[in-house]
Amino acid sequence: MIVRMYMSTDVASVEADVSIGEAAALMARRRIRRMPVVDEKGRLVGIVSATDLYRAFPPSINPFSPRALDAAEAAGPVRKVMATHLSTTRPDSPVEEAARVMREKKIGALPVVENGRLAGMITESDIFRAFADLFASPRGSARVSFSVRTGEDVFGLVGQLAARHGVHVLSMLTVRQDGEPVCVLRIAGGGITPLIDELARSGHPPLNLLRF
């Protein structure tokens, strides 16, 4: 799964010389909390957030209210309040890499840049959707987690068992739990129970089993 599959491309943006009031009004209309700032060629130069706009106005003024457009502070350009030290991602980057950056930087979205130009945005909600898709299980399938040994050919093991019992492998990935490798396997077909029984006999008793 790559960023391109989950990013939004219908992204509202403004140029740095647009007034703070206009930017706030656009964010209010689009119901968004952050907005990229681009130059005349569509290149990303900054990002402005709802927090930035709240800081630009006195506490008595809501920057997203009609009253804000009449405030003196609204006449200043977005470049006065936008952030310019940005973390970005690319459309062909893995979704998990974008998630890692967002977690480490403690930010809720990443601008997506391609060939120097803004191509879209990926948000926390998009990341959640990607991982929900990854673990989605159709009716009649099962998800089993089991420990594996470091260096073990778990793909070969599962492939042999699936072929022997007529089971379809929907997905398989290895994660670490308390520093030890664990395989999470999604399977479907009529031979799920005998496959799991043979898996246990091979020294891989299920740590968790969910049937759907």
# chains A, B, ... in the order shown; residues from 1 in each chain; ligands from 1
>>> residues_around(residues="Val148 (chain A)", least_positions_apart="6", cutoff="10 Å", atoms="only C-alpha atoms", output="list in words")
Val154, Thr174, Glu180, Pro181, Val182, Cys183, Gly203, His204 and Pro205 of chain A
>>> select_by_dssp(residues="region 24-133 of chain A", states="strand (DSSP E or B)", output="list in words")
Arg34, Met35, Pro36, Val37, Val38, Arg43, Leu44, Val45, Gly46, Ile47, Val48, Ser49, Pro77, Ala83, Thr89, Pro94, Ala109, Leu110, Pro111, Val112, Val113, Glu114, Arg117, Leu118, Ala119, Gly120, Met121, Ile122 and Thr123 of chain A
>>> closest_residue(among="A:Ala162, A:Ala75, A:Leu210, A:Leu118", to="Pro194 (chain A)", atoms="only C-alpha atoms")
A:Ala162
>>> closest_residue(among="A:Leu134, A:Leu44, A:Leu157, A:Ala200", to="Gly116 (chain A)", atoms="only C-alpha atoms")
A:Leu44
>>> residues_around(residues="Val95 (chain A)", least_positions_apart="2", cutoff="9 Å", atoms="only C-alpha atoms", output="list of chain:residue names")
A:Met1, A:Ile2, A:Val3, A:Arg4, A:Met5, A:Tyr6, A:Asp92, A:Ser93, A:Glu97, A:Ala98, A:Ala99, A:Arg100, A:Ile127, A:Ala130, A:Phe131
>>> write_last_selection(atoms="N, CA and C atoms", output="PDB file, in the first residue's frame")
ATOM      1  N   MET A   1       0.847  -1.187   0.000  1.00  0.00           N
ATOM      2  CA  MET A   1       0.000   0.000   0.000  1.00  0.00           C
ATOM      3  C   MET A   1       0.882   1.236   0.000  1.00  0.00           C
ATOM      4  N   ILE A   2       0.596   2.133  -0.922  1.00  0.00           N
ATOM      5  CA  ILE A   2       1.383   3.351  -1.026  1.00  0.00           C
ATOM      6  C   ILE A   2       0.491   4.566  -0.784  1.00  0.00           C
ATOM      7  N   VAL A   3       1.133   5.698  -0.538  1.00  0.00           N
ATOM      8  CA  VAL A   3       0.414   6.927  -0.203  1.00  0.00           C
ATOM      9  C   VAL A   3      -0.582   7.306  -1.289  1.00  0.00           C
ATOM     10  N   ARG A   4      -0.225   7.118  -2.554  1.00  0.00           N
ATOM     11  CA  ARG A   4      -1.102   7.510  -3.657  1.00  0.00           C
ATOM     12  C   ARG A   4      -2.495   6.872  -3.554  1.00  0.00           C
ATOM     13  N   MET A   5      -2.559   5.674  -2.981  1.00  0.00           N
ATOM     14  CA  MET A   5      -3.823   4.948  -2.888  1.00  0.00           C
ATOM     15  C   MET A   5      -4.782   5.577  -1.884  1.00  0.00           C
ATOM     16  N   TYR A   6      -4.282   6.353  -0.944  1.00  0.00           N
ATOM     17  CA  TYR A   6      -5.118   6.855   0.152  1.00  0.00           C
ATOM     18  C   TYR A   6      -5.102   8.370   0.321  1.00  0.00           C
ATOM     19  N   ASP A  92       4.544   7.694  -4.027  1.00  0.00           N
ATOM     20  CA  ASP A  92       4.971   6.300  -4.082  1.00  0.00           C
ATOM     21  C   ASP A  92       5.595   5.808  -2.780  1.00  0.00           C
ATOM     22  N   SER A  93       5.522   6.599  -1.719  1.00  0.00           N
ATOM     23  CA  SER A  93       6.040   6.164  -0.419  1.00  0.00           C
ATOM     24  C   SER A  93       5.084   5.160   0.214  1.00  0.00           C
ATOM     25  N   GLU A  97       5.393   4.284   6.124  1.00  0.00           N
ATOM     26  CA  GLU A  97       6.445   5.284   6.295  1.00  0.00           C
ATOM     27  C   GLU A  97       5.825   6.645   6.611  1.00  0.00           C
ATOM     28  N   ALA A  98       4.742   6.988   5.916  1.00  0.00           N
ATOM     29  CA  ALA A  98       4.032   8.230   6.227  1.00  0.00           C
ATOM     30  C   ALA A  98       3.494   8.196   7.652  1.00  0.00           C
ATOM     31  N   ALA A  99       2.964   7.044   8.073  1.00  0.00           N
ATOM     32  CA  ALA A  99       2.451   6.907   9.438  1.00  0.00           C
ATOM     33  C   ALA A  99       3.569   7.087  10.458  1.00  0.00           C
ATOM     34  N   ARG A 100       4.741   6.543  10.153  1.00  0.00           N
ATOM     35  CA  ARG A 100       5.872   6.670  11.082  1.00  0.00           C
ATOM     36  C   ARG A 100       6.274   8.137  11.254  1.00  0.00           C
ATOM     37  N   ILE A 127      -4.680   7.217   7.058  1.00  0.00           N
ATOM     38  CA  ILE A 127      -3.828   6.137   7.571  1.00  0.00           C
ATOM     39  C   ILE A 127      -4.691   5.067   8.247  1.00  0.00           C
ATOM     40  N   ALA A 130      -6.364   2.997   5.654  1.00  0.00           N
ATOM     41  CA  ALA A 130      -5.442   2.061   5.010  1.00  0.00           C
ATOM     42  C   ALA A 130      -5.249   0.807   5.856  1.00  0.00           C
ATOM     43  N   PHE A 131      -5.052   0.999   7.162  1.00  0.00           N
ATOM     44  CA  PHE A 131      -4.819  -0.162   8.019  1.00  0.00           C
ATOM     45  C   PHE A 131      -6.109  -0.945   8.262  1.00  0.00           C
TER      46      PHE A 131
END
>>> residues_around(residues="region 50-66 of chain A", least_positions_apart="3", cutoff="12 Å", atoms="only C-alpha atoms", output="number ranges by chain")
A: 19-36, 46-47, 69-83
>>> write_last_selection(atoms="N, CA and C atoms", output="short mmCIF file (atom, residue, chain, number, x, y, z; two decimals), in the first residue's frame")
data_model
loop_
_atom_site.label_atom_id
_atom_site.label_comp_id
_atom_site.auth_asym_id
_atom_site.auth_seq_id
_atom_site.Cartn_x
_atom_site.Cartn_y
_atom_site.Cartn_z
N SER A 19 -4.57 36.95 2.36
CA SER A 19 -4.75 37.43 3.73
C SER A 19 -5.12 36.31 4.68
N ILE A 20 -4.77 36.51 5.92
CA ILE A 20 -5.10 35.53 6.96
C ILE A 20 -6.61 35.32 7.03
N GLY A 21 -7.36 36.41 6.89
CA GLY A 21 -8.82 36.30 6.93
C GLY A 21 -9.37 35.45 5.81
N GLU A 22 -8.85 35.62 4.59
CA GLU A 22 -9.31 34.80 3.47
C GLU A 22 -8.98 33.33 3.68
N ALA A 23 -7.78 33.07 4.20
CA ALA A 23 -7.39 31.68 4.48
C ALA A 23 -8.31 31.05 5.52
N ALA A 24 -8.63 31.82 6.57
CA ALA A 24 -9.52 31.31 7.61
C ALA A 24 -10.91 31.03 7.05
N ALA A 25 -11.39 31.92 6.19
CA ALA A 25 -12.72 31.73 5.60
C ALA A 25 -12.75 30.48 4.72
N LEU A 26 -11.69 30.26 3.94
CA LEU A 26 -11.63 29.07 3.09
C LEU A 26 -11.58 27.79 3.93
N MET A 27 -10.78 27.81 5.01
CA MET A 27 -10.70 26.64 5.87
C MET A 27 -12.05 26.37 6.54
N ALA A 28 -12.77 27.42 6.90
CA ALA A 28 -14.09 27.23 7.51
C ALA A 28 -15.07 26.63 6.51
N ARG A 29 -15.02 27.10 5.27
CA ARG A 29 -15.94 26.56 4.24
C ARG A 29 -15.64 25.10 3.95
N ARG A 30 -14.37 24.75 3.88
CA ARG A 30 -13.98 23.37 3.57
C ARG A 30 -13.95 22.46 4.79
N ARG A 31 -14.14 23.05 5.97
CA ARG A 31 -14.14 22.30 7.23
C ARG A 31 -12.83 21.50 7.40
N ILE A 32 -11.74 22.20 7.24
CA ILE A 32 -10.42 21.59 7.39
C ILE A 32 -9.64 22.34 8.46
N ARG A 33 -8.65 21.66 9.03
CA ARG A 33 -7.88 22.24 10.13
C ARG A 33 -6.45 22.60 9.72
N ARG A 34 -6.09 22.29 8.50
CA ARG A 34 -4.75 22.65 8.01
C ARG A 34 -4.82 22.82 6.50
N MET A 35 -3.97 23.69 5.97
CA MET A 35 -4.04 23.98 4.54
C MET A 35 -2.64 24.28 4.00
N PRO A 36 -2.26 23.65 2.90
CA PRO A 36 -0.95 23.92 2.31
C PRO A 36 -0.90 25.34 1.73
N GLY A 46 4.77 26.17 2.47
CA GLY A 46 4.42 26.22 3.88
C GLY A 46 3.10 25.52 4.13
N ILE A 47 2.68 25.58 5.37
CA ILE A 47 1.36 25.04 5.74
C ILE A 47 0.82 25.90 6.87
N LEU A 69 -13.19 38.57 9.59
CA LEU A 69 -12.82 39.23 8.34
C LEU A 69 -12.71 40.74 8.50
N ASP A 70 -13.37 41.30 9.50
CA ASP A 70 -13.33 42.73 9.73
C ASP A 70 -12.21 43.14 10.69
N ALA A 71 -11.54 42.16 11.28
CA ALA A 71 -10.48 42.47 12.25
C ALA A 71 -9.22 42.91 11.52
N ALA A 72 -8.47 43.79 12.16
CA ALA A 72 -7.24 44.28 11.56
C ALA A 72 -6.25 43.15 11.31
N GLU A 73 -6.24 42.16 12.20
CA GLU A 73 -5.31 41.05 12.06
C GLU A 73 -5.55 40.25 10.78
N ALA A 74 -6.79 40.29 10.28
CA ALA A 74 -7.14 39.50 9.10
C ALA A 74 -6.48 40.02 7.84
N ALA A 75 -5.98 41.26 7.86
CA ALA A 75 -5.42 41.86 6.66
C ALA A 75 -3.99 41.39 6.39
N GLY A 76 -3.32 40.82 7.41
CA GLY A 76 -1.95 40.37 7.22
C GLY A 76 -1.87 39.16 6.31
N PRO A 77 -0.74 38.92 5.65
CA PRO A 77 -0.62 37.77 4.76
C PRO A 77 -0.39 36.47 5.52
N VAL A 78 -0.76 35.37 4.88
CA VAL A 78 -0.59 34.05 5.47
C VAL A 78 0.87 33.77 5.80
N ARG A 79 1.79 34.34 4.99
CA ARG A 79 3.21 34.06 5.23
C ARG A 79 3.66 34.45 6.64
N LYS A 80 2.91 35.36 7.31
CA LYS A 80 3.28 35.77 8.66
C LYS A 80 3.07 34.66 9.68
N VAL A 81 2.16 33.76 9.42
CA VAL A 81 1.81 32.76 10.43
C VAL A 81 2.05 31.32 9.99
N MET A 82 2.34 31.09 8.70
CA MET A 82 2.48 29.72 8.21
C MET A 82 3.77 29.09 8.73
N ALA A 83 3.77 27.77 8.84
CA ALA A 83 4.98 27.01 9.18
C ALA A 83 5.74 26.71 7.88
#
>>> residues_around(residues="His168 (chain A)", least_positions_apart="3", cutoff="10 Å", atoms="only C-alpha atoms", output="MDAnalysis selection string")
chainID A and resid 141 159 162:163 165 171 186:192
>>> residues_around(residues="Met102 (chain A)", least_positions_apart="2", cutoff="12 Å", atoms="only C-alpha atoms", output="PyMOL selection string")
chain A and resi 86-89+95-100+104-111+122-127
>>> write_last_selection(atoms="C-alpha atoms", output="mmCIF file, in the first residue's frame")
data_model
loop_
_atom_site.group_PDB
_atom_site.id
_atom_site.type_symbol
_atom_site.label_atom_id
_atom_site.label_comp_id
_atom_site.auth_asym_id
_atom_site.auth_seq_id
_atom_site.Cartn_x
_atom_site.Cartn_y
_atom_site.Cartn_z
ATOM 1 C CA LEU A 86 7.770 20.923 6.819
ATOM 2 C CA SER A 87 7.734 17.171 6.756
ATOM 3 C CA THR A 88 6.406 15.786 3.474
ATOM 4 C CA THR A 89 5.910 12.472 1.720
ATOM 5 C CA VAL A 95 1.748 4.199 3.854
ATOM 6 C CA GLU A 96 3.555 2.880 6.928
ATOM 7 C CA GLU A 97 6.445 5.284 6.295
ATOM 8 C CA ALA A 98 4.032 8.230 6.227
ATOM 9 C CA ALA A 99 2.451 6.907 9.438
ATOM 10 C CA ARG A 100 5.872 6.670 11.082
ATOM 11 C CA GLU A 104 7.369 10.813 15.316
ATOM 12 C CA LYS A 105 6.609 14.443 14.437
ATOM 13 C CA LYS A 106 3.282 14.369 16.306
ATOM 14 C CA ILE A 107 1.407 15.837 13.332
ATOM 15 C CA GLY A 108 -1.986 14.947 11.915
ATOM 16 C CA ALA A 109 -1.257 15.237 8.179
ATOM 17 C CA LEU A 110 1.504 15.258 5.601
ATOM 18 C CA PRO A 111 1.601 17.190 2.323
ATOM 19 C CA ILE A 122 -2.585 12.323 3.606
ATOM 20 C CA THR A 123 -4.119 12.542 7.078
ATOM 21 C CA GLU A 124 -4.482 10.404 10.176
ATOM 22 C CA SER A 125 -7.934 9.375 8.952
ATOM 23 C CA ASP A 126 -6.430 8.188 5.670
ATOM 24 C CA ILE A 127 -3.828 6.137 7.571
#
>>> select_by_dssp(residues="region 53-212 of chain A", states="alpha helix (DSSP H)", output="PyMOL selection string")
chain A and resi 53-56+95-105+124-135+154-165+192-201
>>> write_last_selection(atoms="N, CA and C atoms", output="tab-separated table (two decimals), in the first residue's frame")
chain	number	residue	atom	x	y	z
A	53	LEU	N	-3.82	30.10	13.07
A	53	LEU	CA	-4.78	31.19	12.91
A	53	LEU	C	-5.31	31.67	14.26
A	54	TYR	N	-5.56	30.75	15.18
A	54	TYR	CA	-6.01	31.16	16.51
A	54	TYR	C	-4.96	32.05	17.18
A	55	ARG	N	-3.70	31.71	16.98
A	55	ARG	CA	-2.63	32.51	17.59
A	55	ARG	C	-2.50	33.89	16.96
A	56	ALA	N	-2.98	34.04	15.72
A	56	ALA	CA	-2.85	35.32	15.02
A	56	ALA	C	-3.89	36.34	15.48
A	95	VAL	N	2.64	3.57	2.88
A	95	VAL	CA	1.75	4.20	3.85
A	95	VAL	C	2.34	4.14	5.25
A	96	GLU	N	3.00	3.01	5.59
A	96	GLU	CA	3.56	2.88	6.93
A	96	GLU	C	4.68	3.87	7.19
A	97	GLU	N	5.39	4.28	6.12
A	97	GLU	CA	6.44	5.28	6.30
A	97	GLU	C	5.83	6.64	6.61
A	98	ALA	N	4.74	6.99	5.92
A	98	ALA	CA	4.03	8.23	6.23
A	98	ALA	C	3.49	8.20	7.65
A	99	ALA	N	2.96	7.04	8.07
A	99	ALA	CA	2.45	6.91	9.44
A	99	ALA	C	3.57	7.09	10.46
A	100	ARG	N	4.74	6.54	10.15
A	100	ARG	CA	5.87	6.67	11.08
A	100	ARG	C	6.27	8.14	11.25
A	101	VAL	N	6.35	8.87	10.14
A	101	VAL	CA	6.72	10.29	10.21
A	101	VAL	C	5.69	11.07	11.01
A	102	MET	N	4.41	10.82	10.77
A	102	MET	CA	3.36	11.53	11.49
A	102	MET	C	3.41	11.24	12.98
A	103	ARG	N	3.71	9.99	13.33
A	103	ARG	CA	3.79	9.62	14.74
A	103	ARG	C	5.00	10.30	15.39
A	104	GLU	N	6.16	10.25	14.72
A	104	GLU	CA	7.37	10.81	15.32
A	104	GLU	C	7.30	12.33	15.43
A	105	LYS	N	6.71	12.98	14.43
A	105	LYS	CA	6.61	14.44	14.44
A	105	LYS	C	5.39	14.95	15.20
A	124	GLU	N	-4.32	11.52	9.24
A	124	GLU	CA	-4.48	10.40	10.18
A	124	GLU	C	-5.66	9.53	9.78
A	125	SER	N	-6.76	10.15	9.35
A	125	SER	CA	-7.93	9.38	8.95
A	125	SER	C	-7.63	8.49	7.76
A	126	ASP	N	-6.82	9.00	6.83
A	126	ASP	CA	-6.43	8.19	5.67
A	126	ASP	C	-5.58	6.99	6.10
A	127	ILE	N	-4.68	7.22	7.06
A	127	ILE	CA	-3.83	6.14	7.57
A	127	ILE	C	-4.69	5.07	8.25
A	128	PHE	N	-5.67	5.50	9.06
A	128	PHE	CA	-6.56	4.55	9.72
A	128	PHE	C	-7.32	3.74	8.68
A	129	ARG	N	-7.76	4.40	7.61
A	129	ARG	CA	-8.51	3.71	6.55
A	129	ARG	C	-7.63	2.66	5.87
A	130	ALA	N	-6.36	3.00	5.65
A	130	ALA	CA	-5.44	2.06	5.01
A	130	ALA	C	-5.25	0.81	5.86
A	131	PHE	N	-5.05	1.00	7.16
A	131	PHE	CA	-4.82	-0.16	8.02
A	131	PHE	C	-6.11	-0.94	8.26
A	132	ALA	N	-7.25	-0.27	8.23
A	132	ALA	CA	-8.53	-1.00	8.31
A	132	ALA	C	-8.70	-1.88	7.08
A	133	ASP	N	-8.30	-1.36	5.91
A	133	ASP	CA	-8.37	-2.16	4.69
A	133	ASP	C	-7.43	-3.36	4.77
A	134	LEU	N	-6.26	-3.13	5.35
A	134	LEU	CA	-5.26	-4.20	5.44
A	134	LEU	C	-5.79	-5.39	6.24
A	135	PHE	N	-6.53	-5.11	7.31
A	135	PHE	CA	-6.99	-6.18	8.20
A	135	PHE	C	-8.47	-6.53	8.01
A	154	VAL	N	8.68	-18.76	7.03
A	154	VAL	CA	7.26	-18.83	7.37
A	154	VAL	C	6.40	-18.81	6.11
A	155	PHE	N	6.87	-18.14	5.06
A	155	PHE	CA	6.10	-18.10	3.82
A	155	PHE	C	6.02	-19.50	3.19
A	156	GLY	N	7.15	-20.21	3.22
A	156	GLY	CA	7.14	-21.57	2.70
A	156	GLY	C	6.24	-22.48	3.50
A	157	LEU	N	6.29	-22.36	4.83
A	157	LEU	CA	5.45	-23.17	5.70
A	157	LEU	C	3.98	-22.94	5.42
A	158	VAL	N	3.57	-21.67	5.39
A	158	VAL	CA	2.16	-21.35	5.18
A	158	VAL	C	1.72	-21.77	3.79
A	159	GLY	N	2.58	-21.58	2.80
A	159	GLY	CA	2.23	-21.97	1.44
A	159	GLY	C	1.95	-23.46	1.33
A	160	GLN	N	2.78	-24.28	1.96
A	160	GLN	CA	2.57	-25.72	1.93
A	160	GLN	C	1.26	-26.12	2.61
A	161	LEU	N	1.02	-25.54	3.77
A	161	LEU	CA	-0.21	-25.87	4.51
A	161	LEU	C	-1.45	-25.43	3.74
A	162	ALA	N	-1.40	-24.23	3.14
A	162	ALA	CA	-2.55	-23.72	2.39
A	162	ALA	C	-2.86	-24.62	1.20
A	163	ALA	N	-1.81	-25.05	0.49
A	163	ALA	CA	-2.02	-25.92	-0.66
A	163	ALA	C	-2.58	-27.27	-0.23
A	164	ARG	N	-2.10	-27.78	0.89
A	164	ARG	CA	-2.53	-29.10	1.35
A	164	ARG	C	-3.99	-29.09	1.79
A	165	HIS	N	-4.46	-27.99	2.35
A	165	HIS	CA	-5.80	-27.96	2.92
A	165	HIS	C	-6.79	-27.13	2.09
A	192	ILE	N	-9.82	-24.36	6.95
A	192	ILE	CA	-9.19	-23.51	7.96
A	192	ILE	C	-8.85	-24.30	9.23
A	193	THR	N	-9.80	-25.07	9.74
A	193	THR	CA	-9.57	-25.80	10.99
A	193	THR	C	-8.43	-26.80	10.88
A	194	PRO	N	-8.40	-27.68	9.85
A	194	PRO	CA	-7.26	-28.59	9.76
A	194	PRO	C	-5.93	-27.88	9.54
A	195	LEU	N	-5.94	-26.76	8.83
A	195	LEU	CA	-4.69	-26.00	8.67
A	195	LEU	C	-4.19	-25.51	10.01
A	196	ILE	N	-5.07	-24.97	10.83
A	196	ILE	CA	-4.67	-24.44	12.13
A	196	ILE	C	-4.20	-25.58	13.03
A	197	ASP	N	-4.87	-26.74	12.95
A	197	ASP	CA	-4.44	-27.90	13.75
A	197	ASP	C	-3.04	-28.33	13.35
A	198	GLU	N	-2.77	-28.39	12.05
A	198	GLU	CA	-1.44	-28.80	11.61
A	198	GLU	C	-0.39	-27.74	11.94
A	199	LEU	N	-0.80	-26.48	11.89
A	199	LEU	CA	0.10	-25.40	12.27
A	199	LEU	C	0.54	-25.57	13.72
A	200	ALA	N	-0.41	-25.91	14.58
A	200	ALA	CA	-0.10	-26.12	16.00
A	200	ALA	C	0.83	-27.31	16.19
A	201	ARG	N	0.59	-28.39	15.44
A	201	ARG	CA	1.45	-29.57	15.55
A	201	ARG	C	2.87	-29.30	15.05
>>> atom_distance(atom1="CA of Glu15 (chain A)", atom2="CA of Pro91 (chain A)")
22.3 Å
>>> closest_residue(among="A:Gly179, A:Gly166, A:Pro206, A:Gly42", to="Gly120 (chain A)", atoms="only C-alpha atoms")
A:Gly42
>>> atom_distance(atom1="CA of Gln177 (chain A)", atom2="CA of Ala136 (chain A)")
20.9 Å
